[in-house]
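These notes are about the structure you will find just below.
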Amino acid sequence: MFIVSAKFSPRKAIAAVVACAAVLILMILLISSLKGRPSPGEELITAASEEERAEYLRSLGWEIETSPMETLEFMLPQPLNDSYEEYNALQKEQGFDLEPYAGMQVKRYSYRVLNYPNYPDDVQADLYLCGDVVIGGDILYCGDSGFVATLVFP
């Protein structure tokens with residue numbers, strides 16, 4: 001058995017307790033601030049039903065029409081071509097990666113977005129699923145100055 005002892009003055013002991021309490025409070029504040037909205041791609045998301053897909057988009061801050069505007073089924077090329085590689089860079093920004101799904105059947109569900117700041121119309125949220133698992137997604141503005149963005153609410 002090994003015993004270590006130390007001599008503290010009351011002033012040093014109080015300072016050590018206050019420092020430990022401050023570190024504990026900072027850790028609690030940091031953890032609670034990180035637990036807000038989930039980030040896309042943060043974890044494996046199963047979204048087999050319309051209800052689950054709509055709830056996932058709502059959890060990210062999006063207001064959408066509950067039923068998809070369009071559903072499209074297609075096969076990702078294997079290997080991913082240049083345009084998919086560019087798109088996959090956007091997916092990787094938000095924690096997704098299409099590479100493991102190359103050569104597989106994928107479904108895209110497109111929902112009308114009702115709350116994109118400064119763009120009241122022509123904005124859609126796309127979710128890409130392989131089976132029941134969300135493997136990617138984006139926000140697409142189809143207007144004059146069209147853009148594609150991550151699912152992260154601006």
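Simple scheme: letters A, B, ... for chains in structure tokens order, numbers from 1 for residues in each chain, numbers from 1 for ligands in the order shown.
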For A:Gly137, work out the shell of residues within 7 Å, counting only C-alpha atoms and skipping chain neighbours fewer than 6 positions away, then give it as a VMD selection string. chain A and resid 126 to 128 151
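Shell of A:Gln105 at 9 Å, with only C-alpha atoms counted and residues fewer than 2 places along the chain excluded, is Glu73, Phe74, Met75, Leu76, Tyr101, Ala102, Gly103, Lys107, Leu129, Cys130 and Gly131 of chain A.
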Selection file, N, CA and C atoms, as a compact mmCIF listing (two decimals), in the first residue's frame:
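Saved result, part_27.txt, follows:
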# COMPACT_ATOMS: atom_id res chain seq x y z
N GLU A 73 -36.38 7.29 -56.57
CA GLU A 73 -35.51 6.17 -56.25
C GLU A 73 -34.47 6.03 -57.36
N PHE A 74 -33.20 5.89 -56.97
CA PHE A 74 -32.13 5.79 -57.95
C PHE A 74 -30.96 5.02 -57.34
N MET A 75 -29.99 4.70 -58.18
CA MET A 75 -28.80 4.00 -57.71
C MET A 75 -27.62 4.95 -57.73
N LEU A 76 -26.91 5.03 -56.62
CA LEU A 76 -25.68 5.82 -56.59
C LEU A 76 -24.64 5.12 -57.45
N TYR A 101 -22.17 3.96 -49.61
CA TYR A 101 -23.43 3.57 -50.25
C TYR A 101 -23.33 3.56 -51.78
N ALA A 102 -22.13 3.79 -52.31
CA ALA A 102 -21.94 3.76 -53.77
C ALA A 102 -22.35 2.40 -54.31
N GLY A 103 -23.11 2.42 -55.42
CA GLY A 103 -23.60 1.20 -56.03
C GLY A 103 -24.88 0.66 -55.41
N LYS A 107 -33.21 6.34 -51.91
CA LYS A 107 -34.44 7.09 -52.12
C LYS A 107 -34.23 8.53 -51.66
N LEU A 129 -32.14 8.36 -48.24
CA LEU A 129 -32.17 7.18 -47.39
C LEU A 129 -31.72 5.95 -48.16
N CYS A 130 -30.99 5.10 -47.48
CA CYS A 130 -30.66 3.78 -47.98
C CYS A 130 -31.35 2.83 -47.02
N GLY A 131 -32.37 2.16 -47.51
CA GLY A 131 -33.23 1.39 -46.61
C GLY A 131 -33.99 2.39 -45.76
Can you list every residue in stretch 34-96 of chain A that DSSP puts in helix (DSSP H, G or I), as a PDB file with N, CA and C atoms, in the first residue's frame?
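That gives us out02.pdb:
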ATOM      1  N   LEU A  34     -24.120  22.181 -25.784  1.00  0.00           N
ATOM      2  CA  LEU A  34     -23.938  21.289 -26.920  1.00  0.00           C
ATOM      3  C   LEU A  34     -25.126  20.363 -27.143  1.00  0.00           C
ATOM      4  N   GLU A  50     -43.036   8.570 -43.128  1.00  0.00           N
ATOM      5  CA  GLU A  50     -43.137  10.015 -43.390  1.00  0.00           C
ATOM      6  C   GLU A  50     -43.062  10.790 -42.087  1.00  0.00           C
ATOM      7  N   GLU A  51     -43.722  10.255 -41.069  1.00  0.00           N
ATOM      8  CA  GLU A  51     -43.738  10.914 -39.760  1.00  0.00           C
ATOM      9  C   GLU A  51     -42.319  11.043 -39.179  1.00  0.00           C
ATOM     10  N   GLU A  52     -41.526   9.982 -39.276  1.00  0.00           N
ATOM     11  CA  GLU A  52     -40.160  10.006 -38.745  1.00  0.00           C
ATOM     12  C   GLU A  52     -39.268  10.960 -39.548  1.00  0.00           C
ATOM     13  N   ARG A  53     -39.432  10.976 -40.869  1.00  0.00           N
ATOM     14  CA  ARG A  53     -38.637  11.893 -41.690  1.00  0.00           C
ATOM     15  C   ARG A  53     -38.994  13.340 -41.374  1.00  0.00           C
ATOM     16  N   ALA A  54     -40.300  13.630 -41.263  1.00  0.00           N
ATOM     17  CA  ALA A  54     -40.739  14.993 -40.946  1.00  0.00           C
ATOM     18  C   ALA A  54     -40.249  15.400 -39.548  1.00  0.00           C
ATOM     19  N   GLU A  55     -40.306  14.491 -38.596  1.00  0.00           N
ATOM     20  CA  GLU A  55     -39.849  14.798 -37.238  1.00  0.00           C
ATOM     21  C   GLU A  55     -38.349  15.080 -37.208  1.00  0.00           C
ATOM     22  N   TYR A  56     -37.567  14.325 -37.991  1.00  0.00           N
ATOM     23  CA  TYR A  56     -36.129  14.562 -38.053  1.00  0.00           C
ATOM     24  C   TYR A  56     -35.843  15.966 -38.580  1.00  0.00           C
ATOM     25  N   LEU A  57     -36.498  16.355 -39.671  1.00  0.00           N
ATOM     26  CA  LEU A  57     -36.287  17.701 -40.220  1.00  0.00           C
ATOM     27  C   LEU A  57     -36.731  18.769 -39.233  1.00  0.00           C
ATOM     28  N   ARG A  58     -37.833  18.536 -38.536  1.00  0.00           N
ATOM     29  CA  ARG A  58     -38.287  19.502 -37.511  1.00  0.00           C
ATOM     30  C   ARG A  58     -37.267  19.615 -36.378  1.00  0.00           C
ATOM     31  N   SER A  59     -36.650  18.493 -36.014  1.00  0.00           N
ATOM     32  CA  SER A  59     -35.669  18.522 -34.921  1.00  0.00           C
ATOM     33  C   SER A  59     -34.455  19.372 -35.288  1.00  0.00           C
ATOM     34  N   ASP A  82     -17.477  12.630 -60.502  1.00  0.00           N
ATOM     35  CA  ASP A  82     -17.019  13.949 -60.039  1.00  0.00           C
ATOM     36  C   ASP A  82     -18.133  14.776 -59.413  1.00  0.00           C
ATOM     37  N   SER A  83     -19.316  14.796 -60.033  1.00  0.00           N
ATOM     38  CA  SER A  83     -20.396  15.619 -59.482  1.00  0.00           C
ATOM     39  C   SER A  83     -20.844  15.078 -58.124  1.00  0.00           C
ATOM     40  N   TYR A  84     -20.863  13.759 -57.970  1.00  0.00           N
ATOM     41  CA  TYR A  84     -21.214  13.187 -56.675  1.00  0.00           C
ATOM     42  C   TYR A  84     -20.106  13.437 -55.657  1.00  0.00           C
ATOM     43  N   GLU A  85     -18.872  13.452 -56.078  1.00  0.00           N
ATOM     44  CA  GLU A  85     -17.771  13.742 -55.152  1.00  0.00           C
ATOM     45  C   GLU A  85     -17.917  15.161 -54.589  1.00  0.00           C
ATOM     46  N   GLU A  86     -18.273  16.119 -55.451  1.00  0.00           N
ATOM     47  CA  GLU A  86     -18.511  17.491 -54.984  1.00  0.00           C
ATOM     48  C   GLU A  86     -19.667  17.528 -53.997  1.00  0.00           C
ATOM     49  N   TYR A  87     -20.748  16.837 -54.346  1.00  0.00           N
ATOM     50  CA  TYR A  87     -21.923  16.802 -53.472  1.00  0.00           C
ATOM     51  C   TYR A  87     -21.587  16.094 -52.157  1.00  0.00           C
ATOM     52  N   ASN A  88     -20.771  15.056 -52.231  1.00  0.00           N
ATOM     53  CA  ASN A  88     -20.390  14.331 -51.029  1.00  0.00           C
ATOM     54  C   ASN A  88     -19.553  15.204 -50.091  1.00  0.00           C
ATOM     55  N   ALA A  89     -18.820  16.164 -50.635  1.00  0.00           N
ATOM     56  CA  ALA A  89     -18.074  17.102 -49.782  1.00  0.00           C
ATOM     57  C   ALA A  89     -19.059  17.878 -48.900  1.00  0.00           C
ATOM     58  N   LEU A  90     -20.201  18.276 -49.475  1.00  0.00           N
ATOM     59  CA  LEU A  90     -21.249  18.953 -48.702  1.00  0.00           C
ATOM     60  C   LEU A  90     -21.788  18.008 -47.621  1.00  0.00           C
ATOM     61  N   GLN A  91     -21.963  16.739 -47.989  1.00  0.00           N
ATOM     62  CA  GLN A  91     -22.469  15.768 -47.019  1.00  0.00           C
ATOM     63  C   GLN A  91     -21.481  15.563 -45.871  1.00  0.00           C
ATOM     64  N   LYS A  92     -20.203  15.509 -46.205  1.00  0.00           N
ATOM     65  CA  LYS A  92     -19.184  15.307 -45.176  1.00  0.00           C
ATOM     66  C   LYS A  92     -19.123  16.486 -44.210  1.00  0.00           C
ATOM     67  N   GLU A  93     -19.444  17.701 -44.706  1.00  0.00           N
ATOM     68  CA  GLU A  93     -19.487  18.882 -43.831  1.00  0.00           C
ATOM     69  C   GLU A  93     -20.459  18.682 -42.689  1.00  0.00           C
TER      70      GLU A  93
END
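Separating atom CA of A:Gln78 from atom CA of A:Glu99 is a distance of 8.6 Å.
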Write out as a ChimeraX atom specification all residues of stretch 51-102 of chain A that DSSP puts in strand (DSSP E) for this structure's backbone. /A:70-75
Could you list, as a PyMOL selection string, every residue within 10 Å of A:Glu65, counting only C-alpha atoms and ignoring same-chain residues fewer than 5 positions away? chain A and resi 54+110-114+124
